[in-house]
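Enquirer: Here it is: the structure, laid out below.
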Amino acid sequence: MDINIPEVLAEVTAAFERYEVALVGNDVAVLDELFWNSPHTLRYGATENLYGYDAIRAFRAGRPSAGLARTLGRTVITSYGRDFATANTEFHRAGSERIGRQSQTWVRTPEGWRVVAAHVSLMA
């Protein structure tokens, strides 16, 4: 298996960066687009466990849009072959000492790169 094929890594990095811009800007349409529309998709959040695209979409629609700005650090994106990748990052929000962590599993679908599993957590 080829790890970090340059053009694949560039595609996933662009998708990850697009996701981040949409997240801090609360662009729900783009966030919905970038999650795989499947009952198999899941997202474990800091305070919620969401199973299936519909649950993730409903969460995004009802989430407050304030306080989403953050700074990323230690981002590691790795592609495995041409159709699978992971993205992991730490994040910090102004006014908080807590370190956030985000993991995403990305898969190439006919529609493009989509998150099929995600996890967000906060450290004390």
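A note on labels: chains of the structure tokens are A, B, ... as shown, every chain counts residues from 1, and ligands are counted from 1 in their shown order.
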When you look at stretch 9-18 of chain A with a cut-off of 9 Å (counting only C-alpha atoms), what residues show up, excluding the ones that are within fewer than 4 positions of it in the same chain? I need them as an mmCIF file with N, CA and C atoms, in the first residue's frame.
Expert:
data_model
loop_
_atom_site.group_PDB
_atom_site.id
_atom_site.type_symbol
_atom_site.label_atom_id
_atom_site.label_comp_id
_atom_site.auth_asym_id
_atom_site.auth_seq_id
_atom_site.Cartn_x
_atom_site.Cartn_y
_atom_site.Cartn_z
ATOM 1 N N ILE A 3 1.618 4.966 0.926
ATOM 2 C CA ILE A 3 1.255 5.931 1.954
ATOM 3 C C ILE A 3 1.598 7.335 1.454
ATOM 4 N N ASN A 4 0.662 8.248 1.609
ATOM 5 C CA ASN A 4 0.860 9.661 1.272
ATOM 6 C C ASN A 4 1.281 9.895 -0.180
ATOM 7 N N ILE A 5 0.535 9.299 -1.106
ATOM 8 C CA ILE A 5 0.723 9.625 -2.511
ATOM 9 C C ILE A 5 0.490 11.136 -2.616
ATOM 10 N N ALA A 22 -15.516 25.675 6.999
ATOM 11 C CA ALA A 22 -16.966 25.541 7.173
ATOM 12 C C ALA A 22 -17.330 25.406 8.648
ATOM 13 N N LEU A 23 -16.518 24.700 9.411
ATOM 14 C CA LEU A 23 -16.805 24.498 10.832
ATOM 15 C C LEU A 23 -16.777 25.814 11.593
ATOM 16 N N VAL A 30 -21.990 23.009 3.803
ATOM 17 C CA VAL A 30 -20.714 22.369 3.467
ATOM 18 C C VAL A 30 -20.405 21.248 4.458
ATOM 19 N N LEU A 31 -20.666 21.477 5.730
ATOM 20 C CA LEU A 31 -20.438 20.416 6.719
ATOM 21 C C LEU A 31 -21.280 19.189 6.387
ATOM 22 N N LEU A 34 -19.797 17.300 3.421
ATOM 23 C CA LEU A 34 -18.535 16.593 3.634
ATOM 24 C C LEU A 34 -18.652 15.354 4.510
ATOM 25 N N ILE A 77 -2.242 14.438 8.688
ATOM 26 C CA ILE A 77 -3.115 13.842 7.680
ATOM 27 C C ILE A 77 -2.308 12.770 6.970
ATOM 28 N N THR A 78 -2.883 11.582 6.875
ATOM 29 C CA THR A 78 -2.199 10.461 6.237
ATOM 30 C C THR A 78 -3.154 9.783 5.277
ATOM 31 N N SER A 79 -2.693 9.565 4.048
ATOM 32 C CA SER A 79 -3.511 8.814 3.090
ATOM 33 C C SER A 79 -2.929 7.409 2.947
ATOM 34 N N ARG A 82 -5.276 5.133 -2.464
ATOM 35 C CA ARG A 82 -5.892 6.257 -3.168
ATOM 36 C C ARG A 82 -7.276 6.636 -2.652
ATOM 37 N N ALA A 85 -8.125 7.800 4.088
ATOM 38 C CA ALA A 85 -7.204 8.697 4.787
ATOM 39 C C ALA A 85 -7.713 8.991 6.187
ATOM 40 N N THR A 86 -6.799 9.431 7.031
ATOM 41 C CA THR A 86 -7.156 9.895 8.367
ATOM 42 C C THR A 86 -6.618 11.309 8.550
ATOM 43 N N ALA A 87 -7.340 12.081 9.353
ATOM 44 C CA ALA A 87 -6.904 13.436 9.707
ATOM 45 C C ALA A 87 -7.087 13.587 11.210
ATOM 46 N N GLN A 104 -10.690 12.317 12.178
ATOM 47 C CA GLN A 104 -11.627 12.069 11.082
ATOM 48 C C GLN A 104 -11.093 10.941 10.218
ATOM 49 N N TRP A 106 -11.570 9.631 6.448
ATOM 50 C CA TRP A 106 -12.038 10.084 5.145
ATOM 51 C C TRP A 106 -11.978 8.937 4.140
ATOM 52 N N TRP A 113 -14.294 13.190 -1.525
ATOM 53 C CA TRP A 113 -13.855 12.786 -0.196
ATOM 54 C C TRP A 113 -14.923 13.120 0.833
ATOM 55 N N ARG A 114 -15.245 12.129 1.699
ATOM 56 C CA ARG A 114 -16.269 12.300 2.723
ATOM 57 C C ARG A 114 -15.785 11.725 4.046
#
Enquirer: Mind listing the helix (DSSP H, G or I) residues of chain A, per DSSP on the backbone, as a ChimeraX atom specification?
Expert: /A:6-24,28-34,53-62
Enquirer: Counting only C-alpha atoms, figure out which residue out of A:Pro39, A:Gly81, A:Gly25, A:Gly52 gets nearest to A:Gly67.
Expert: A:Gly25
Enquirer: Could you name the residues that touch A:Pro110 at 12 Å or less, counting only C-alpha atoms, but leaving out those on the same chain fewer than 6 positions away, as JSON, numbers by chain?
Expert: {"A": [36, 37, 83]}
Enquirer: Just want the 7 Å neighbourhood of A:Gly45, counted on only C-alpha atoms, with same-chain residues fewer than 6 positions away dropped. Output as a list in words.
Expert: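 My reading of the contact set: His119, Val120 and Ser121 of chain A.
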Enquirer: So, with only C-alpha atoms as the atoms that count, which of A:Thr89, A:Ala46, A:Leu122, A:Ile56 lies closest to A:Asp32?
Expert: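 Smallest distance to A:Asp32 is found for A:Ile56.
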Enquirer: Chain A: which residues are strand (DSSP E) by DSSP, as number ranges by chain?
Expert: A: 42-44, 49-51, 71-80, 84-92, 99-109, 112-123
Enquirer: So that I can check the surroundings of stretch 92-96 of chain A, please list as a list in words every protein, DNA and RNA residue that reaches within 7 Å of it, counting only C-alpha atoms and ignoring chain neighbours fewer than 6 positions away.
Expert: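 What passes the distance filter is Ala69, Arg70, Thr71 and Leu72 of chain A.
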Enquirer: Identify which of the residues A:Val116, A:Pro6, A:Asn26, A:Glu111 lies closest to A:Gly62, counting only C-alpha atoms when measuring atom-to-atom distances.
Expert: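 Checking each candidate against A:Gly62, we get A:Asn26 as the closest.
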Enquirer: Rank nothing, just name the residue among A:Arg74, A:Ala124, A:Ala118, A:Leu42 nearest to A:Arg98, using only C-alpha atoms.
Expert: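 Selected residue with least distance to A:Arg98: A:Ala124.
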Enquirer: Take atom CA of A:Phe59 and atom CA of A:Arg108 and report the distance between them in Å, one decimal.
Expert: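 One can read the atom CA of A:Phe59 to atom CA of A:Arg108 distance as 23.8 Å.
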Enquirer: When distances are computed from only C-alpha atoms, which of A:Val107, A:Ala29, A:Val8, A:Ala55 shows the smallest separation from A:Arg43?
Expert: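 Ranked by minimum distance to A:Arg43, first place goes to A:Ala55.
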